[in-house]
Amino acid sequence: MAAQGARAAAVAARPNTLRDMQGQPIVLPFSVSKTPKSVHLVQMTLRPAALSDASSIVALCIEVWTGTYLKQGINGFFADFVLNEFTSARSRDLIADPAQFILVSQNDQGIDGVMRLTRNAAPPMKQCSDWEIATLYVQPRHHGKGIGTALLHAACAQARLRGAPSVWLTTNSQNCLTSALVGPNR
């Protein structure tokens with residue numbers, strides 16, 4: 001209990017810490033167990049992205065995107081797309097854009113997940129709002145730890161705080177993990 005209080009105090013001292021509705025910092029400890037004998041505590045902190053996170057976000061996005069969509073090899077077309085789409089300059093522009101809200105999941109080693117909430121997105125159907133979860137990426141080695149779920153819930157909470165009636169996202173049919181995470185019509 002004291003350790004959790006110390007972690008919360010350390011997070012509260014950080015600038016730009018994401019806070020819940022009562023103003024408390026969001027710190028999500030969770031246990032990870034690969035085998036019944038091996039259980040250890042891992043700390044996850046969700047926080048708004050800073051400009052200094054741009055290159056880490058780019059590296060994570062490239063890792064997740066290529067691992068998800070380029071399973072049989074990488075050709076020039078997709079290599080060029082990835083290297084033009086995921087750049088530090090573009091990432092910094094998105095972080096600075098007031099129509100974007102970028103949240104990162106950070107463990108004690110660095111960023112392991114990212115979510116981008118976009119306002120004024122063209123909805124896929126007329127009954128959808130203009131709030132889109134444009135990006136929801138978690139490093140593959142951190143799948144199954146609750147990071148994607150935490151980012152998804154935080155995105156919905158942030159959208160509500162900003163007055164959004166709802167949010168939407170689209171996913172590629174090859175992206176089974178995101179499809180399983182969000183399910184149909186949630």
# chains A, B, ... in the order shown; residues from 1 in each chain; ligands from 1
>>> residues_around(residues="segment 50-60 of chain A", least_positions_apart="4", cutoff="6 Å", atoms="only C-alpha atoms", output="MDAnalysis selection string")
chainID A and resid 86 88 91:92
>>> write_last_selection(atoms="C-alpha atoms", output="PDB file, in the first residue's frame")
ATOM      1  CA  PHE A  86       5.900   7.923 -39.475  1.00  0.00           C
ATOM      2  CA  SER A  88       9.455  12.719 -35.900  1.00  0.00           C
ATOM      3  CA  SER A  91       4.659  13.255 -34.772  1.00  0.00           C
ATOM      4  CA  ARG A  92       5.642  16.614 -33.238  1.00  0.00           C
TER       5      ARG A  92
END
>>> residues_around(residues="segment 151-159 of chain A", least_positions_apart="2", cutoff="8 Å", atoms="only C-alpha atoms", output="list in words")
Leu46, Leu103, Val104, Ser105, Gly113, Val114, Met115, Arg116, Leu117, Trp131, Ile133, Leu136, Ile147, Gly148, Thr149, Leu161, Arg162, Gly163, Ala164, Pro165, Ser166 and Val167 of chain A
>>> write_last_selection(atoms="C-alpha atoms", output="compact mmCIF listing (two decimals), in the first residue's frame")
# COMPACT_ATOMS: atom_id res chain seq x y z
CA LEU A 46 -0.78 6.96 -18.88
CA LEU A 103 -1.79 9.67 -24.85
CA VAL A 104 1.14 7.36 -24.17
CA SER A 105 1.52 4.40 -21.89
CA GLY A 113 1.67 2.14 -26.14
CA VAL A 114 0.13 5.17 -27.84
CA MET A 115 -3.39 6.38 -28.57
CA ARG A 116 -4.36 9.36 -30.74
CA LEU A 117 -7.80 10.92 -30.42
CA TRP A 131 -14.20 12.18 -32.70
CA ILE A 133 -9.52 7.10 -32.18
CA LEU A 136 -4.21 2.68 -30.87
CA ILE A 147 -2.37 -1.47 -21.95
CA GLY A 148 -4.67 -1.33 -24.99
CA THR A 149 -7.74 -1.53 -22.78
CA LEU A 161 -14.28 15.49 -20.88
CA ARG A 162 -13.98 17.39 -24.17
CA GLY A 163 -17.72 17.18 -24.86
CA ALA A 164 -17.77 14.35 -27.39
CA PRO A 165 -21.02 12.38 -27.45
CA SER A 166 -19.16 9.29 -28.72
CA VAL A 167 -15.97 8.16 -30.43
>>> closest_residue(among="A:Gly144, A:Thr118, A:Ser129, A:Trp65", to="Leu94 of chain A", atoms="only C-alpha atoms")
A:Thr118
>>> closest_residue(among="A:Glu132, A:Glu85, A:Glu63, A:Asp97", to="Asn120 of chain A", atoms="only C-alpha atoms")
A:Glu132
>>> select_by_dssp(residues="segment 68-135 of chain A", states="strand (DSSP E)", output="list in words")
Gln100, Phe101, Ile102, Leu103, Val104, Ser105, Gln106, Ile111, Asp112, Gly113, Val114, Met115, Arg116, Leu117, Thr118, Arg119, Trp131, Glu132, Ile133, Ala134 and Thr135 of chain A
>>> write_last_selection(atoms="C-alpha atoms", output="JSON list (two decimals), in the first residue's frame")
[["chain", "number", "residue", "atom", "x", "y", "z"],
["A", 100, "GLN", "CA", -5.38, 15.94, -31.51],
["A", 101, "PHE", "CA", -5.00, 14.36, -28.09],
["A", 102, "ILE", "CA", -2.16, 11.87, -27.87],
["A", 103, "LEU", "CA", -1.79, 9.67, -24.85],
["A", 104, "VAL", "CA", 1.14, 7.36, -24.17],
["A", 105, "SER", "CA", 1.52, 4.40, -21.89],
["A", 106, "GLN", "CA", 4.90, 4.45, -20.22],
["A", 111, "ILE", "CA", 6.79, 4.18, -24.04],
["A", 112, "ASP", "CA", 5.02, 0.89, -24.79],
["A", 113, "GLY", "CA", 1.67, 2.14, -26.14],
["A", 114, "VAL", "CA", 0.13, 5.17, -27.84],
["A", 115, "MET", "CA", -3.39, 6.38, -28.57],
["A", 116, "ARG", "CA", -4.36, 9.36, -30.74],
["A", 117, "LEU", "CA", -7.80, 10.92, -30.42],
["A", 118, "THR", "CA", -8.70, 13.23, -33.31],
["A", 119, "ARG", "CA", -11.43, 15.85, -33.41],
["A", 131, "TRP", "CA", -14.20, 12.18, -32.70],
["A", 132, "GLU", "CA", -12.01, 9.34, -33.94],
["A", 133, "ILE", "CA", -9.52, 7.10, -32.18],
["A", 134, "ALA", "CA", -7.08, 7.44, -35.06],
["A", 135, "THR", "CA", -4.26, 5.40, -33.51]]
>>> atom_distance(atom1="atom CA of Thr170 of chain A", atom2="atom CA of Gly110 of chain A")
27.1 Å
>>> closest_residue(among="A:Lys126, A:Arg90, A:Arg141, A:Arg160", to="Gly67 of chain A", atoms="only C-alpha atoms")
A:Arg141
